[in-house]
>>> print(open('model.txt').read())   # compact mmCIF, N, CA and C atoms
# COMPACT_ATOMS: atom_id res chain seq x y z
N MET X 1 91.08 63.77 70.27
CA MET X 1 91.30 62.98 71.46
C MET X 1 91.34 61.50 71.07
N SER X 2 92.24 60.78 71.67
CA SER X 2 92.38 59.38 71.32
C SER X 2 91.24 58.55 71.90
N ASP X 3 91.01 57.43 71.26
CA ASP X 3 89.95 56.51 71.68
C ASP X 3 90.21 55.98 73.09
N LEU X 4 91.49 55.73 73.40
CA LEU X 4 91.86 55.22 74.72
C LEU X 4 91.53 56.25 75.81
N LEU X 5 91.84 57.52 75.55
CA LEU X 5 91.58 58.57 76.53
C LEU X 5 90.08 58.76 76.75
N ILE X 6 89.32 58.73 75.69
CA ILE X 6 87.86 58.88 75.81
C ILE X 6 87.28 57.76 76.68
N HIS X 7 87.71 56.54 76.43
CA HIS X 7 87.19 55.42 77.21
C HIS X 7 87.70 55.43 78.65
N ALA X 8 88.90 55.95 78.86
CA ALA X 8 89.40 56.10 80.23
C ALA X 8 88.55 57.12 80.99
N LEU X 9 88.16 58.20 80.32
CA LEU X 9 87.29 59.20 80.95
C LEU X 9 85.90 58.62 81.24
N ILE X 10 85.41 57.78 80.35
CA ILE X 10 84.12 57.11 80.60
C ILE X 10 84.24 56.21 81.82
N MET X 11 85.39 55.55 81.98
CA MET X 11 85.60 54.69 83.15
C MET X 11 85.63 55.52 84.43
N VAL X 12 86.32 56.66 84.39
CA VAL X 12 86.37 57.54 85.57
C VAL X 12 84.97 58.05 85.90
N LEU X 13 84.21 58.41 84.88
CA LEU X 13 82.82 58.84 85.09
C LEU X 13 82.02 57.73 85.77
N GLY X 14 82.20 56.50 85.32
CA GLY X 14 81.50 55.38 85.93
C GLY X 14 81.89 55.19 87.39
N VAL X 15 83.16 55.41 87.71
CA VAL X 15 83.62 55.28 89.10
C VAL X 15 82.99 56.37 89.96
N VAL X 16 82.93 57.59 89.45
CA VAL X 16 82.33 58.70 90.21
C VAL X 16 80.83 58.45 90.39
N ILE X 17 80.16 57.97 89.35
CA ILE X 17 78.73 57.66 89.45
C ILE X 17 78.51 56.57 90.51
N ALA X 18 79.37 55.56 90.53
CA ALA X 18 79.26 54.50 91.54
C ALA X 18 79.45 55.07 92.94
N GLY X 19 80.33 56.05 93.08
CA GLY X 19 80.53 56.69 94.38
C GLY X 19 79.27 57.38 94.87
N PHE X 20 78.60 58.09 93.98
CA PHE X 20 77.34 58.72 94.35
C PHE X 20 76.28 57.68 94.72
N SER X 21 76.28 56.59 93.99
CA SER X 21 75.34 55.51 94.29
C SER X 21 75.59 54.96 95.69
N GLN X 22 76.84 54.75 96.04
CA GLN X 22 77.16 54.23 97.37
C GLN X 22 76.77 55.20 98.46
N LEU X 23 76.91 56.50 98.19
CA LEU X 23 76.49 57.51 99.17
C LEU X 23 74.98 57.48 99.39
N LEU X 24 74.23 57.34 98.30
CA LEU X 24 72.78 57.23 98.43
C LEU X 24 72.39 56.01 99.24
N LEU X 25 73.01 54.88 98.95
CA LEU X 25 72.70 53.66 99.67
C LEU X 25 73.10 53.76 101.14
N LYS X 26 74.23 54.41 101.41
CA LYS X 26 74.66 54.58 102.80
C LYS X 26 73.71 55.49 103.56
N SER X 27 73.26 56.58 102.93
CA SER X 27 72.34 57.48 103.61
C SER X 27 71.00 56.80 103.86
N ALA X 28 70.59 55.92 102.96
CA ALA X 28 69.34 55.17 103.17
C ALA X 28 69.50 54.17 104.31
N ALA X 29 70.68 53.58 104.43
CA ALA X 29 70.92 52.58 105.48
C ALA X 29 70.99 53.21 106.87
N GLN X 30 71.33 54.50 106.94
CA GLN X 30 71.45 55.16 108.24
C GLN X 30 70.11 55.64 108.78
N ARG X 31 69.07 55.53 108.01
CA ARG X 31 67.74 55.95 108.46
C ARG X 31 67.01 54.79 109.12
N THR X 32 66.00 55.13 109.92
CA THR X 32 65.14 54.10 110.50
C THR X 32 63.80 54.13 109.78
N TYR X 33 63.20 52.98 109.67
CA TYR X 33 61.95 52.84 108.92
C TYR X 33 60.90 52.17 109.80
N LYS X 34 59.64 52.50 109.51
CA LYS X 34 58.53 51.94 110.29
C LYS X 34 58.36 50.45 110.05
N HIS X 35 58.63 50.02 108.84
CA HIS X 35 58.45 48.62 108.47
C HIS X 35 59.69 48.18 107.69
N TRP X 36 60.06 46.92 107.79
CA TRP X 36 61.28 46.44 107.16
C TRP X 36 61.27 46.58 105.65
N ILE X 37 60.12 46.52 105.01
CA ILE X 37 60.05 46.59 103.56
C ILE X 37 60.46 47.97 103.04
N TYR X 38 60.29 49.00 103.87
CA TYR X 38 60.66 50.35 103.45
C TYR X 38 62.18 50.55 103.43
N GLN X 39 62.90 49.63 104.03
CA GLN X 39 64.36 49.68 103.92
C GLN X 39 64.81 49.44 102.48
N TYR X 40 63.99 48.73 101.74
CA TYR X 40 64.33 48.36 100.37
C TYR X 40 63.51 49.13 99.34
N LEU X 41 62.32 49.52 99.70
CA LEU X 41 61.44 50.23 98.77
C LEU X 41 61.32 51.69 99.18
N ASN X 42 62.39 52.43 98.95
CA ASN X 42 62.35 53.87 99.16
C ASN X 42 63.13 54.54 98.03
N VAL X 43 62.96 55.82 97.92
CA VAL X 43 63.54 56.55 96.79
C VAL X 43 65.06 56.44 96.75
N ARG X 44 65.70 56.57 97.90
CA ARG X 44 67.17 56.54 97.91
C ARG X 44 67.73 55.20 97.46
N VAL X 45 67.15 54.13 97.92
CA VAL X 45 67.64 52.80 97.55
C VAL X 45 67.39 52.53 96.07
N ILE X 46 66.20 52.81 95.61
CA ILE X 46 65.88 52.55 94.21
C ILE X 46 66.74 53.41 93.30
N LEU X 47 66.90 54.69 93.64
CA LEU X 47 67.74 55.58 92.84
C LEU X 47 69.21 55.15 92.92
N GLY X 48 69.65 54.73 94.09
CA GLY X 48 71.03 54.27 94.25
C GLY X 48 71.34 53.08 93.36
N TYR X 49 70.44 52.11 93.32
CA TYR X 49 70.67 50.95 92.45
C TYR X 49 70.52 51.31 90.98
N GLY X 50 69.64 52.25 90.67
CA GLY X 50 69.52 52.71 89.28
C GLY X 50 70.79 53.39 88.81
N ILE X 51 71.37 54.20 89.67
CA ILE X 51 72.62 54.86 89.33
C ILE X 51 73.75 53.83 89.21
N MET X 52 73.70 52.79 90.02
CA MET X 52 74.72 51.74 89.92
C MET X 52 74.64 51.03 88.56
N VAL X 53 73.44 50.89 88.02
CA VAL X 53 73.30 50.30 86.69
C VAL X 53 73.96 51.21 85.65
N ALA X 54 73.79 52.53 85.80
CA ALA X 54 74.43 53.48 84.88
C ALA X 54 75.95 53.37 84.98
N SER X 55 76.46 53.18 86.19
CA SER X 55 77.90 53.00 86.38
C SER X 55 78.38 51.73 85.69
N THR X 56 77.62 50.67 85.81
CA THR X 56 77.98 49.42 85.16
C THR X 56 78.00 49.58 83.64
N LEU X 57 77.06 50.32 83.11
CA LEU X 57 77.04 50.56 81.66
C LEU X 57 78.28 51.34 81.22
N CYS X 58 78.68 52.33 82.01
CA CYS X 58 79.92 53.06 81.69
C CYS X 58 81.11 52.13 81.68
N THR X 59 81.17 51.23 82.65
CA THR X 59 82.27 50.28 82.74
C THR X 59 82.30 49.35 81.53
N VAL X 60 81.15 48.86 81.14
CA VAL X 60 81.07 47.96 79.97
C VAL X 60 81.52 48.69 78.71
N ILE X 61 81.08 49.93 78.54
CA ILE X 61 81.48 50.72 77.37
C ILE X 61 82.99 50.96 77.40
N ALA X 62 83.52 51.31 78.56
CA ALA X 62 84.95 51.61 78.66
C ALA X 62 85.80 50.38 78.35
N TYR X 63 85.37 49.20 78.77
CA TYR X 63 86.17 48.00 78.55
C TYR X 63 86.12 47.49 77.12
N HIS X 64 85.38 48.14 76.26
CA HIS X 64 85.45 47.80 74.84
C HIS X 64 86.82 48.18 74.28
N VAL X 65 87.45 49.19 74.89
CA VAL X 65 88.74 49.66 74.41
C VAL X 65 89.84 49.46 75.46
N LEU X 66 89.53 49.73 76.73
CA LEU X 66 90.54 49.63 77.79
C LEU X 66 90.88 48.18 78.08
N PRO X 67 92.14 47.93 78.41
CA PRO X 67 92.50 46.56 78.79
C PRO X 67 91.93 46.20 80.16
N LEU X 68 91.58 44.96 80.32
CA LEU X 68 91.01 44.48 81.58
C LEU X 68 91.99 44.61 82.74
N SER X 69 93.25 44.71 82.44
CA SER X 69 94.27 44.84 83.49
C SER X 69 94.14 46.16 84.25
N MET X 70 93.37 47.11 83.73
CA MET X 70 93.17 48.38 84.41
C MET X 70 92.10 48.30 85.50
N ALA X 71 91.39 47.20 85.58
CA ALA X 71 90.28 47.05 86.54
C ALA X 71 90.70 47.27 88.00
N PRO X 72 91.81 46.70 88.47
CA PRO X 72 92.17 46.92 89.87
C PRO X 72 92.45 48.39 90.19
N ALA X 73 93.08 49.10 89.27
CA ALA X 73 93.36 50.52 89.50
C ALA X 73 92.08 51.32 89.54
N CYS X 74 91.15 51.01 88.66
CA CYS X 74 89.87 51.72 88.64
C CYS X 74 89.07 51.44 89.90
N ASP X 75 89.09 50.20 90.34
CA ASP X 75 88.38 49.83 91.56
C ASP X 75 88.98 50.54 92.78
N ALA X 76 90.29 50.61 92.83
CA ALA X 76 90.96 51.30 93.94
C ALA X 76 90.63 52.79 93.92
N PHE X 77 90.57 53.38 92.74
CA PHE X 77 90.23 54.79 92.63
C PHE X 77 88.82 55.05 93.16
N GLY X 78 87.95 54.07 93.04
CA GLY X 78 86.60 54.19 93.58
C GLY X 78 86.60 54.39 95.09
N GLN X 79 87.54 53.77 95.79
CA GLN X 79 87.65 53.96 97.23
C GLN X 79 88.01 55.40 97.58
N VAL X 80 88.86 56.00 96.78
CA VAL X 80 89.25 57.40 97.00
C VAL X 80 88.06 58.31 96.73
N VAL X 81 87.32 58.02 95.67
CA VAL X 81 86.15 58.84 95.33
C VAL X 81 85.11 58.78 96.44
N VAL X 82 84.83 57.60 96.95
CA VAL X 82 83.83 57.45 98.02
C VAL X 82 84.27 58.19 99.27
N ALA X 83 85.54 58.12 99.62
CA ALA X 83 86.04 58.85 100.80
C ALA X 83 85.88 60.35 100.60
N PHE X 84 86.21 60.84 99.42
CA PHE X 84 86.09 62.27 99.14
C PHE X 84 84.63 62.72 99.16
N LEU X 85 83.75 61.95 98.52
CA LEU X 85 82.33 62.32 98.49
C LEU X 85 81.71 62.23 99.88
N SER X 86 82.13 61.28 100.69
CA SER X 86 81.63 61.17 102.06
C SER X 86 82.04 62.39 102.87
N TRP X 87 83.25 62.86 102.67
CA TRP X 87 83.72 64.07 103.35
C TRP X 87 82.95 65.29 102.86
N LEU X 88 82.76 65.37 101.56
CA LEU X 88 82.12 66.54 100.95
C LEU X 88 80.63 66.60 101.24
N ILE X 89 79.93 65.50 101.09
CA ILE X 89 78.47 65.51 101.17
C ILE X 89 77.97 65.11 102.55
N LEU X 90 78.50 64.03 103.10
CA LEU X 90 78.02 63.54 104.39
C LEU X 90 78.75 64.16 105.58
N LYS X 91 79.73 64.99 105.29
CA LYS X 91 80.51 65.69 106.33
C LYS X 91 81.24 64.72 107.26
N GLU X 92 81.65 63.57 106.72
CA GLU X 92 82.45 62.63 107.50
C GLU X 92 83.88 63.15 107.60
N LYS X 93 84.49 62.87 108.71
CA LYS X 93 85.87 63.32 108.90
C LYS X 93 86.83 62.36 108.22
N ILE X 94 87.87 62.94 107.65
CA ILE X 94 88.94 62.13 107.10
C ILE X 94 90.03 62.06 108.16
N THR X 95 90.11 60.92 108.79
CA THR X 95 91.09 60.73 109.86
C THR X 95 92.48 60.55 109.27
N ARG X 96 93.46 60.55 110.13
CA ARG X 96 94.84 60.36 109.68
C ARG X 96 95.00 59.00 109.00
N ARG X 97 94.34 57.98 109.54
CA ARG X 97 94.43 56.64 108.95
C ARG X 97 93.79 56.61 107.56
N LYS X 98 92.63 57.27 107.42
CA LYS X 98 91.99 57.32 106.10
C LYS X 98 92.86 58.07 105.11
N LEU X 99 93.44 59.17 105.55
CA LEU X 99 94.31 59.95 104.67
C LEU X 99 95.53 59.14 104.24
N MET X 100 96.11 58.41 105.16
CA MET X 100 97.24 57.55 104.81
C MET X 100 96.82 56.47 103.82
N GLY X 101 95.63 55.91 104.02
CA GLY X 101 95.11 54.91 103.09
C GLY X 101 94.90 55.49 101.70
N ILE X 102 94.36 56.70 101.65
CA ILE X 102 94.14 57.37 100.36
C ILE X 102 95.48 57.61 99.66
N ILE X 103 96.47 58.05 100.42
CA ILE X 103 97.79 58.31 99.84
C ILE X 103 98.40 57.01 99.30
N VAL X 104 98.26 55.92 100.05
CA VAL X 104 98.80 54.64 99.59
C VAL X 104 98.09 54.18 98.32
N ILE X 105 96.77 54.34 98.28
CA ILE X 105 96.01 53.95 97.09
C ILE X 105 96.45 54.78 95.88
N LEU X 106 96.54 56.09 96.06
CA LEU X 106 96.95 56.95 94.94
C LEU X 106 98.38 56.65 94.49
N ALA X 107 99.26 56.36 95.44
CA ALA X 107 100.63 55.98 95.08
C ALA X 107 100.64 54.67 94.30
N GLY X 108 99.82 53.72 94.71
CA GLY X 108 99.73 52.46 93.99
C GLY X 108 99.20 52.63 92.58
N ILE X 109 98.20 53.49 92.42
CA ILE X 109 97.67 53.76 91.08
C ILE X 109 98.72 54.43 90.22
N LEU X 110 99.46 55.38 90.80
CA LEU X 110 100.51 56.06 90.06
C LEU X 110 101.59 55.08 89.62
N ILE X 111 102.01 54.20 90.52
CA ILE X 111 103.01 53.20 90.18
C ILE X 111 102.48 52.26 89.09
N PHE X 112 101.21 51.89 89.20
CA PHE X 112 100.60 51.00 88.20
C PHE X 112 100.66 51.60 86.80
N PHE X 113 100.34 52.90 86.70
CA PHE X 113 100.29 53.52 85.38
C PHE X 113 101.67 53.95 84.88
N LEU X 114 102.67 54.03 85.76
CA LEU X 114 104.01 54.39 85.31
C LEU X 114 104.84 53.19 84.88
N LYS X 115 104.35 51.99 85.14
CA LYS X 115 105.14 50.79 84.80
C LYS X 115 105.29 50.60 83.32
>>> encode(input="model.txt", output="structure tokens")
Amino acid sequence: MSDLLIHALIMVLGVVIAGFSQLLLKSAAQRTYKHWIYQYLNVRVILGYGIMVASTLCTVIAYHVLPLSMAPACDAFGQVVVAFLSWLILKEKITRRKLMGIIVILAGILIFFLK
């Protein structure tokens, strides 16, 4: 396997990890707490930010080989991952507008990589 492909897979892994982190943080934000400090000091928030650090490490490792010009495409792919994970785990509905947005994002990524 080529070095470029390995680092691209590490980048995708980092994007998926970031998606899980955002889901944890969103689920923590939807809860109510007895005291304001528990909004920040709870397992979901701490784990969510810890996972975000792991995602950042994947990104740093991937950019040792990948060109920085791939950053916008990877960031856009993160939006698709979060929408999919929200549908899968949080049972959020994917509306027609969200689906159209996902299609536009994926088309843009495809055009970006075919250039």
>>> atom_distance(input="model.txt", atom1="atom N of Ile105 of chain X", atom2="atom CA of Ala83 of chain X")
11.9 Å
>>> atom_distance(input="model.txt", atom1="atom CA of Phe77 of chain X", atom2="atom N of Arg31 of chain X")
26.2 Å
>>> closest_residue(input="model.txt", among="X:Ala54, X:Leu23, X:Val45, X:Leu9", to="Leu90 of chain X", atoms="all atoms listed in the file")
X:Leu23
>>> residues_around(input="model.txt", residues="segment 58-71 of chain X", least_positions_apart="6", cutoff="6 Å", atoms="only C-alpha atoms", output="list in words")
His7, Ile10, Met11 and Gly14 of chain X
>>> select_by_dssp(input="model.txt", residues="chain X", states="helix (DSSP H, G or I)", output="PyMOL selection string")
chain X and resi 3-29+36-39+43-62+68-89+96-114
>>> atom_distance(input="model.txt", atom1="atom CA of Gly19 of chain X", atom2="atom CA of Val43 of chain X")
17.2 Å
>>> closest_residue(input="model.txt", among="X:Val16, X:Met52, X:Leu99, X:Cys74", to="Phe112 of chain X", atoms="only C-alpha atoms")
X:Cys74
>>> closest_residue(input="model.txt", among="X:Val15, X:Val80, X:Leu41, X:Ala28", to="Met100 of chain X", atoms="only C-alpha atoms")
X:Val80
>>> axis_aligned_box(input="model.txt", around="segment 80-87 of chain X", padding_each_side="8 Å", output="lines of an AutoDock Vina configuration file")
center_x = 85.4
center_y = 60.6
center_z = 99.3
size_x = 23.6
size_y = 25.3
size_z = 24.0
>>> closest_residue(input="model.txt", among="X:Phe20, X:Ile51, X:Arg44, X:Ile109", to="Leu88 of chain X", atoms="only C-alpha atoms")
X:Phe20
>>> closest_residue(input="model.txt", among="X:Ala18, X:Leu114, X:Met1, X:Ala29", to="Val81 of chain X", atoms="only N, CA and C atoms")
X:Ala18
>>> decode(input="model.txt", residues="segment 87-110 of chain X", atoms="N, CA and C atoms", output="PDB file, in the first residue's frame")
ATOM      1  N   TRP X  87     -27.907  10.261  12.434  1.00  0.00           N
ATOM      2  CA  TRP X  87     -29.032   9.430  11.995  1.00  0.00           C
ATOM      3  C   TRP X  87     -28.940   8.042  12.606  1.00  0.00           C
ATOM      4  N   LEU X  88     -27.741   7.488  12.607  1.00  0.00           N
ATOM      5  CA  LEU X  88     -27.537   6.114  13.076  1.00  0.00           C
ATOM      6  C   LEU X  88     -27.655   5.990  14.584  1.00  0.00           C
ATOM      7  N   ILE X  89     -27.042   6.888  15.321  1.00  0.00           N
ATOM      8  CA  ILE X  89     -26.957   6.749  16.783  1.00  0.00           C
ATOM      9  C   ILE X  89     -28.033   7.550  17.498  1.00  0.00           C
ATOM     10  N   LEU X  90     -28.206   8.809  17.116  1.00  0.00           N
ATOM     11  CA  LEU X  90     -29.165   9.668  17.807  1.00  0.00           C
ATOM     12  C   LEU X  90     -30.570   9.587  17.220  1.00  0.00           C
ATOM     13  N   LYS X  91     -30.718   8.823  16.155  1.00  0.00           N
ATOM     14  CA  LYS X  91     -32.017   8.630  15.493  1.00  0.00           C
ATOM     15  C   LYS X  91     -32.605   9.935  14.964  1.00  0.00           C
ATOM     16  N   GLU X  92     -31.731  10.855  14.553  1.00  0.00           N
ATOM     17  CA  GLU X  92     -32.198  12.094  13.939  1.00  0.00           C
ATOM     18  C   GLU X  92     -32.639  11.809  12.506  1.00  0.00           C
ATOM     19  N   LYS X  93     -33.635  12.527  12.075  1.00  0.00           N
ATOM     20  CA  LYS X  93     -34.126  12.329  10.714  1.00  0.00           C
ATOM     21  C   LYS X  93     -33.252  13.082   9.723  1.00  0.00           C
ATOM     22  N   ILE X  94     -33.054  12.456   8.582  1.00  0.00           N
ATOM     23  CA  ILE X  94     -32.366  13.130   7.492  1.00  0.00           C
ATOM     24  C   ILE X  94     -33.451  13.687   6.579  1.00  0.00           C
ATOM     25  N   THR X  95     -33.623  14.982   6.661  1.00  0.00           N
ATOM     26  CA  THR X  95     -34.651  15.642   5.860  1.00  0.00           C
ATOM     27  C   THR X  95     -34.194  15.751   4.409  1.00  0.00           C
ATOM     28  N   ARG X  96     -35.095  16.160   3.567  1.00  0.00           N
ATOM     29  CA  ARG X  96     -34.761  16.337   2.152  1.00  0.00           C
ATOM     30  C   ARG X  96     -33.659  17.378   1.983  1.00  0.00           C
ATOM     31  N   ARG X  97     -33.716  18.442   2.776  1.00  0.00           N
ATOM     32  CA  ARG X  97     -32.684  19.485   2.683  1.00  0.00           C
ATOM     33  C   ARG X  97     -31.318  18.952   3.115  1.00  0.00           C
ATOM     34  N   LYS X  98     -31.302  18.160   4.203  1.00  0.00           N
ATOM     35  CA  LYS X  98     -30.029  17.577   4.644  1.00  0.00           C
ATOM     36  C   LYS X  98     -29.482  16.628   3.588  1.00  0.00           C
ATOM     37  N   LEU X  99     -30.356  15.829   3.010  1.00  0.00           N
ATOM     38  CA  LEU X  99     -29.931  14.883   1.982  1.00  0.00           C
ATOM     39  C   LEU X  99     -29.369  15.618   0.768  1.00  0.00           C
ATOM     40  N   MET X 100     -30.020  16.688   0.373  1.00  0.00           N
ATOM     41  CA  MET X 100     -29.506  17.486  -0.747  1.00  0.00           C
ATOM     42  C   MET X 100     -28.145  18.096  -0.405  1.00  0.00           C
ATOM     43  N   GLY X 101     -28.000  18.558   0.837  1.00  0.00           N
ATOM     44  CA  GLY X 101     -26.714  19.093   1.272  1.00  0.00           C
ATOM     45  C   GLY X 101     -25.622  18.045   1.248  1.00  0.00           C
ATOM     46  N   ILE X 102     -25.950  16.845   1.701  1.00  0.00           N
ATOM     47  CA  ILE X 102     -24.977  15.744   1.688  1.00  0.00           C
ATOM     48  C   ILE X 102     -24.571  15.415   0.252  1.00  0.00           C
ATOM     49  N   ILE X 103     -25.546  15.383  -0.643  1.00  0.00           N
ATOM     50  CA  ILE X 103     -25.250  15.090  -2.052  1.00  0.00           C
ATOM     51  C   ILE X 103     -24.348  16.169  -2.647  1.00  0.00           C
ATOM     52  N   VAL X 104     -24.624  17.429  -2.336  1.00  0.00           N
ATOM     53  CA  VAL X 104     -23.794  18.521  -2.854  1.00  0.00           C
ATOM     54  C   VAL X 104     -22.368  18.419  -2.303  1.00  0.00           C
ATOM     55  N   ILE X 105     -22.250  18.109  -1.021  1.00  0.00           N
ATOM     56  CA  ILE X 105     -20.919  17.966  -0.413  1.00  0.00           C
ATOM     57  C   ILE X 105     -20.156  16.822  -1.071  1.00  0.00           C
ATOM     58  N   LEU X 106     -20.805  15.669  -1.219  1.00  0.00           N
ATOM     59  CA  LEU X 106     -20.129  14.522  -1.834  1.00  0.00           C
ATOM     60  C   LEU X 106     -19.768  14.800  -3.295  1.00  0.00           C
ATOM     61  N   ALA X 107     -20.638  15.508  -4.009  1.00  0.00           N
ATOM     62  CA  ALA X 107     -20.321  15.877  -5.393  1.00  0.00           C
ATOM     63  C   ALA X 107     -19.117  16.819  -5.433  1.00  0.00           C
ATOM     64  N   GLY X 108     -19.065  17.758  -4.502  1.00  0.00           N
ATOM     65  CA  GLY X 108     -17.924  18.667  -4.441  1.00  0.00           C
ATOM     66  C   GLY X 108     -16.628  17.949  -4.131  1.00  0.00           C
ATOM     67  N   ILE X 109     -16.682  16.984  -3.221  1.00  0.00           N
ATOM     68  CA  ILE X 109     -15.484  16.202  -2.900  1.00  0.00           C
ATOM     69  C   ILE X 109     -15.045  15.392  -4.109  1.00  0.00           C
ATOM     70  N   LEU X 110     -16.006  14.797  -4.810  1.00  0.00           N
ATOM     71  CA  LEU X 110     -15.690  14.018  -6.001  1.00  0.00           C
ATOM     72  C   LEU X 110     -15.045  14.894  -7.072  1.00  0.00           C
TER      73      LEU X 110
END
